[in-house]
$ cat entry_9.txt   # compact mmCIF, C-alpha atoms
# COMPACT_ATOMS: atom_id res chain seq x y z
CA MET A 1 8.12 -3.51 2.32
CA GLN A 2 7.29 -6.75 0.55
CA ARG A 3 3.69 -7.86 0.72
CA GLY A 4 2.58 -11.45 0.65
CA THR A 5 0.42 -13.05 -1.98
CA PHE A 6 -2.50 -13.17 0.47
CA GLU A 7 -2.39 -9.40 0.96
CA LYS A 8 -2.14 -8.73 -2.76
CA ILE A 9 -5.16 -10.92 -3.50
CA LEU A 10 -7.12 -9.43 -0.62
CA ASN A 11 -6.40 -5.85 -1.71
CA PHE A 12 -7.41 -6.71 -5.27
CA LEU A 13 -10.66 -8.25 -4.01
CA LEU A 14 -11.38 -5.18 -1.90
CA GLY A 15 -10.94 -2.89 -4.89
CA ALA A 16 -12.96 -5.10 -7.21
CA SER A 17 -15.69 -5.47 -4.60
CA GLY A 18 -15.95 -1.71 -4.24
CA ALA A 19 -16.42 -1.38 -7.99
CA PHE A 20 -19.04 -4.13 -8.00
CA VAL A 21 -20.93 -2.44 -5.17
CA LEU A 22 -21.17 0.79 -7.16
CA LEU A 23 -22.03 -0.93 -10.42
CA GLY A 24 -24.47 -3.26 -8.69
CA GLY A 25 -26.21 -0.39 -6.94
CA TYR A 26 -26.70 1.35 -10.26
CA LEU A 27 -28.00 -1.81 -11.94
CA VAL A 28 -30.34 -2.69 -9.09
CA PHE A 29 -31.80 0.80 -9.21
CA ARG A 30 -32.23 0.64 -13.00
CA ILE A 31 -33.92 -2.78 -12.81
CA PHE A 32 -36.34 -1.86 -10.03
CA ILE A 33 -37.22 1.63 -11.27
CA SER A 34 -39.97 0.01 -13.36
CA PHE A 35 -41.70 -0.99 -10.09
CA GLY A 36 -41.66 2.59 -8.83
CA PHE A 37 -39.17 5.06 -7.46
CA VAL A 38 -39.71 4.22 -3.78
CA THR A 39 -39.34 0.50 -4.45
CA ALA A 40 -36.19 1.05 -6.50
CA VAL A 41 -34.60 3.23 -3.80
CA SER A 42 -35.59 0.77 -1.05
CA VAL A 43 -34.19 -2.27 -2.85
CA THR A 44 -31.05 -0.35 -3.80
CA PHE A 45 -30.44 0.63 -0.17
CA LEU A 46 -31.00 -2.98 0.88
CA TYR A 47 -28.49 -4.15 -1.75
CA LEU A 48 -25.93 -1.52 -0.74
CA TYR A 49 -26.33 -2.37 2.94
CA LEU A 50 -25.69 -6.05 2.30
CA ALA A 51 -22.82 -5.41 -0.15
CA LEU A 52 -21.06 -2.96 2.15
CA PHE A 53 -21.43 -5.39 5.06
CA LEU A 54 -19.72 -8.09 3.01
CA LEU A 55 -17.05 -5.61 1.97
CA LEU A 56 -16.36 -4.77 5.60
CA ALA A 57 -16.18 -8.49 6.42
CA LEU A 58 -13.52 -8.88 3.72
CA ASP A 59 -11.59 -5.97 5.22
CA ALA A 60 -11.85 -7.59 8.66
CA PHE A 61 -10.03 -10.63 7.27
CA SER A 62 -7.15 -8.37 6.29
CA VAL A 63 -7.01 -6.69 9.69
CA ASN A 64 -7.11 -10.03 11.51
CA LYS A 65 -4.36 -11.44 9.30
CA LYS A 66 -2.11 -8.47 10.11
CA LYS A 67 -2.96 -8.79 13.80
CA LEU A 68 -2.03 -12.48 13.76
CA GLN A 69 1.31 -11.74 12.09
CA GLU A 70 2.11 -9.09 14.70
CA GLN A 71 1.21 -11.44 17.55
CA GLN A 72 3.47 -14.12 16.09
CA LYS A 73 6.36 -11.64 15.97
CA GLN A 74 5.72 -10.64 19.58
CA THR A 75 5.56 -14.29 20.66
CA LYS A 76 8.95 -15.03 19.07
CA LEU A 77 10.44 -11.98 20.76
CA LEU A 78 9.01 -12.95 24.17
CA GLU A 79 10.31 -16.50 23.78
CA LYS A 80 13.75 -15.12 22.98
CA ILE A 81 13.65 -12.87 26.05
CA LEU A 82 12.57 -15.80 28.25
CA LYS A 83 15.37 -17.95 26.88
CA ASN A 84 17.91 -15.20 27.63
CA ILE A 85 16.60 -14.82 31.17
CA GLU A 86 16.75 -18.58 31.78
CA GLU A 87 20.32 -18.75 30.43
CA LYS A 88 21.36 -15.86 32.67
CA GLU A 89 19.82 -17.55 35.73
CA GLU A 90 21.68 -20.77 34.93
CA ARG A 91 25.00 -18.92 34.63
CA ASP A 92 24.42 -17.01 37.86
CA GLY A 93 23.39 -20.18 39.67
CA VAL A 94 20.07 -18.89 40.90
$ encode --input "entry_9.txt" --output "structure tokens"
Amino acid sequence: MQRGTFEKILNFLLGASGAFVLLGGYLVFRIFISFGFVTAVSVTFLYLYLALFLLLALDAFSVNKKKLQEQQKQTKLLEKILKNIEEKEERDGV
């Protein structure tokens, strides 16, 4: 199955974002450890919460894009079915 450029970029960004979340969590902890262990853990959890939320938002874009593509396929199919029904009604004289 061939994937579009949008999906390739989005998958790359998801992977890179995951790496940045892990690296960022480590760096935030290392920076704030000088203020105390509890502070460092608290700020790190806050950072991870925000970063994972943004990562999930990026994943939601991917899911919504796929959903839109599927709905467009279904719409084309339904229009085709409607056209066939209308043609049959015209031939039958209904």
$ closest_residue --input "entry_9.txt" --among "A:Gln71, A:Asn84, A:Leu52, A:Phe61" --to "A:Phe6" --atoms "all atoms listed in the file"
A:Phe61
$ atom_distance --input "entry_9.txt" --atom1 "atom CA of A:Leu14" --atom2 "atom CA of A:Lys65"
14.6 Å
$ atom_distance --input "entry_9.txt" --atom1 "atom CA of A:Val38" --atom2 "atom CA of A:Gly24"
17.7 Å
$ axis_aligned_box --input "entry_9.txt" --around "stretch 72-76 of chain A" --padding-each-side "5 Å" --output "AutoDock Vina command-line options"
--center_x 6.2 --center_y -12.8 --center_z 18.3 --size_x 15.5 --size_y 14.4 --size_z 14.7
$ closest_residue --input "entry_9.txt" --among "A:Leu55, A:Leu48, A:Val41, A:Phe35" --to "A:Asn11" --atoms "only C-alpha atoms"
A:Leu55
$ residues_around --input "entry_9.txt" --residues "A:Leu10" --least-positions-apart "6" --cutoff "12 Å" --atoms "only C-alpha atoms" --output "PyMOL selection string"
chain A and resi 3-4+16-17+55+57-63+65-66
$ atom_distance --input "entry_9.txt" --atom1 "atom CA of A:Gln69" --atom2 "atom CA of A:Ile81"
18.7 Å
$ decode --input "entry_9.txt" --residues "chain A" --atoms "C-alpha atoms" --output "short mmCIF file (atom, residue, chain, number, x, y, z; two decimals), in the first residue's frame"
data_model
loop_
_atom_site.label_atom_id
_atom_site.label_comp_id
_atom_site.auth_asym_id
_atom_site.auth_seq_id
_atom_site.Cartn_x
_atom_site.Cartn_y
_atom_site.Cartn_z
CA MET A 1 0.00 0.00 0.00
CA GLN A 2 1.40 3.36 -1.03
CA ARG A 3 1.38 6.05 1.61
CA GLY A 4 1.08 9.72 0.88
CA THR A 5 3.66 12.36 1.66
CA PHE A 6 1.45 13.68 4.48
CA GLU A 7 1.45 10.31 6.22
CA LYS A 8 5.19 9.87 5.82
CA ILE A 9 5.89 13.29 7.32
CA LEU A 10 3.40 12.72 10.12
CA ASN A 11 4.88 9.34 11.03
CA PHE A 12 8.37 10.84 11.03
CA LEU A 13 7.20 13.65 13.31
CA LEU A 14 5.57 11.16 15.66
CA GLY A 15 8.78 9.17 15.95
CA ALA A 16 10.95 12.25 16.36
CA SER A 17 8.55 13.69 18.92
CA GLY A 18 8.70 10.51 20.96
CA ALA A 19 12.49 10.72 21.02
CA PHE A 20 12.37 14.39 22.02
CA VAL A 21 9.94 13.61 24.84
CA LEU A 22 12.34 11.05 26.30
CA LEU A 23 15.41 13.21 25.81
CA GLY A 24 13.60 16.30 27.08
CA GLY A 25 12.39 14.49 30.18
CA TYR A 26 15.94 13.46 30.98
CA LEU A 27 17.30 16.97 30.39
CA VAL A 28 14.56 18.66 32.41
CA PHE A 29 15.25 16.32 35.31
CA ARG A 30 19.01 16.95 35.09
CA ILE A 31 18.52 20.74 34.99
CA PHE A 32 16.09 20.89 37.90
CA ILE A 33 17.84 18.36 40.15
CA SER A 34 19.93 21.25 41.51
CA PHE A 35 16.71 22.71 42.98
CA GLY A 36 15.92 19.48 44.80
CA PHE A 37 14.68 16.02 43.97
CA VAL A 38 10.98 16.74 44.55
CA THR A 39 11.13 19.86 42.38
CA ALA A 40 12.96 18.01 39.62
CA VAL A 41 10.45 15.15 39.62
CA SER A 42 7.50 17.57 39.69
CA VAL A 43 8.77 19.68 36.80
CA THR A 44 9.69 16.56 34.84
CA PHE A 45 6.18 15.14 35.25
CA LEU A 46 4.72 18.49 34.19
CA TYR A 47 6.97 18.49 31.10
CA LEU A 48 6.10 14.89 30.24
CA TYR A 49 2.38 15.55 30.68
CA LEU A 50 2.48 18.50 28.30
CA ALA A 51 4.75 16.74 25.77
CA LEU A 52 2.65 13.58 25.69
CA PHE A 53 -0.51 15.67 25.27
CA LEU A 54 1.02 17.36 22.23
CA LEU A 55 2.16 13.98 20.92
CA LEU A 56 -1.38 12.64 21.21
CA ALA A 57 -2.68 15.74 19.42
CA LEU A 58 -0.29 15.00 16.55
CA ASP A 59 -1.55 11.42 16.44
CA ALA A 60 -5.14 12.71 16.36
CA PHE A 61 -4.31 14.59 13.16
CA SER A 62 -3.29 11.30 11.57
CA VAL A 63 -6.44 9.52 12.70
CA ASN A 64 -8.67 12.34 11.47
CA LYS A 65 -6.89 12.41 8.10
CA LYS A 66 -7.49 8.68 7.65
CA LYS A 67 -11.11 9.09 8.73
CA LEU A 68 -11.63 11.87 6.18
CA GLN A 69 -10.16 9.74 3.39
CA GLU A 70 -12.45 6.84 4.29
CA GLN A 71 -15.50 9.12 4.35
CA GLN A 72 -14.59 10.48 0.92
CA LYS A 73 -14.39 6.93 -0.45
CA GLN A 74 -17.78 6.10 1.07
CA THR A 75 -19.31 9.27 -0.36
CA LYS A 76 -18.11 8.41 -3.88
CA LEU A 77 -19.51 4.90 -3.52
CA LEU A 78 -22.88 6.18 -2.27
CA GLU A 79 -23.07 8.69 -5.13
CA LYS A 80 -22.38 5.88 -7.58
CA ILE A 81 -25.12 3.74 -6.03
CA LEU A 82 -27.57 6.66 -6.16
CA LYS A 83 -26.74 7.29 -9.81
CA ASN A 84 -27.33 3.61 -10.63
CA ILE A 85 -30.67 3.64 -8.83
CA GLU A 86 -31.77 6.81 -10.65
CA GLU A 87 -30.75 5.33 -14.02
CA LYS A 88 -32.68 2.14 -13.26
CA GLU A 89 -35.79 4.14 -12.30
CA GLU A 90 -35.57 6.11 -15.55
CA ARG A 91 -35.31 2.92 -17.61
CA ASP A 92 -38.21 1.28 -15.78
CA GLY A 93 -40.33 4.42 -16.13
CA VAL A 94 -41.09 4.80 -12.46
#
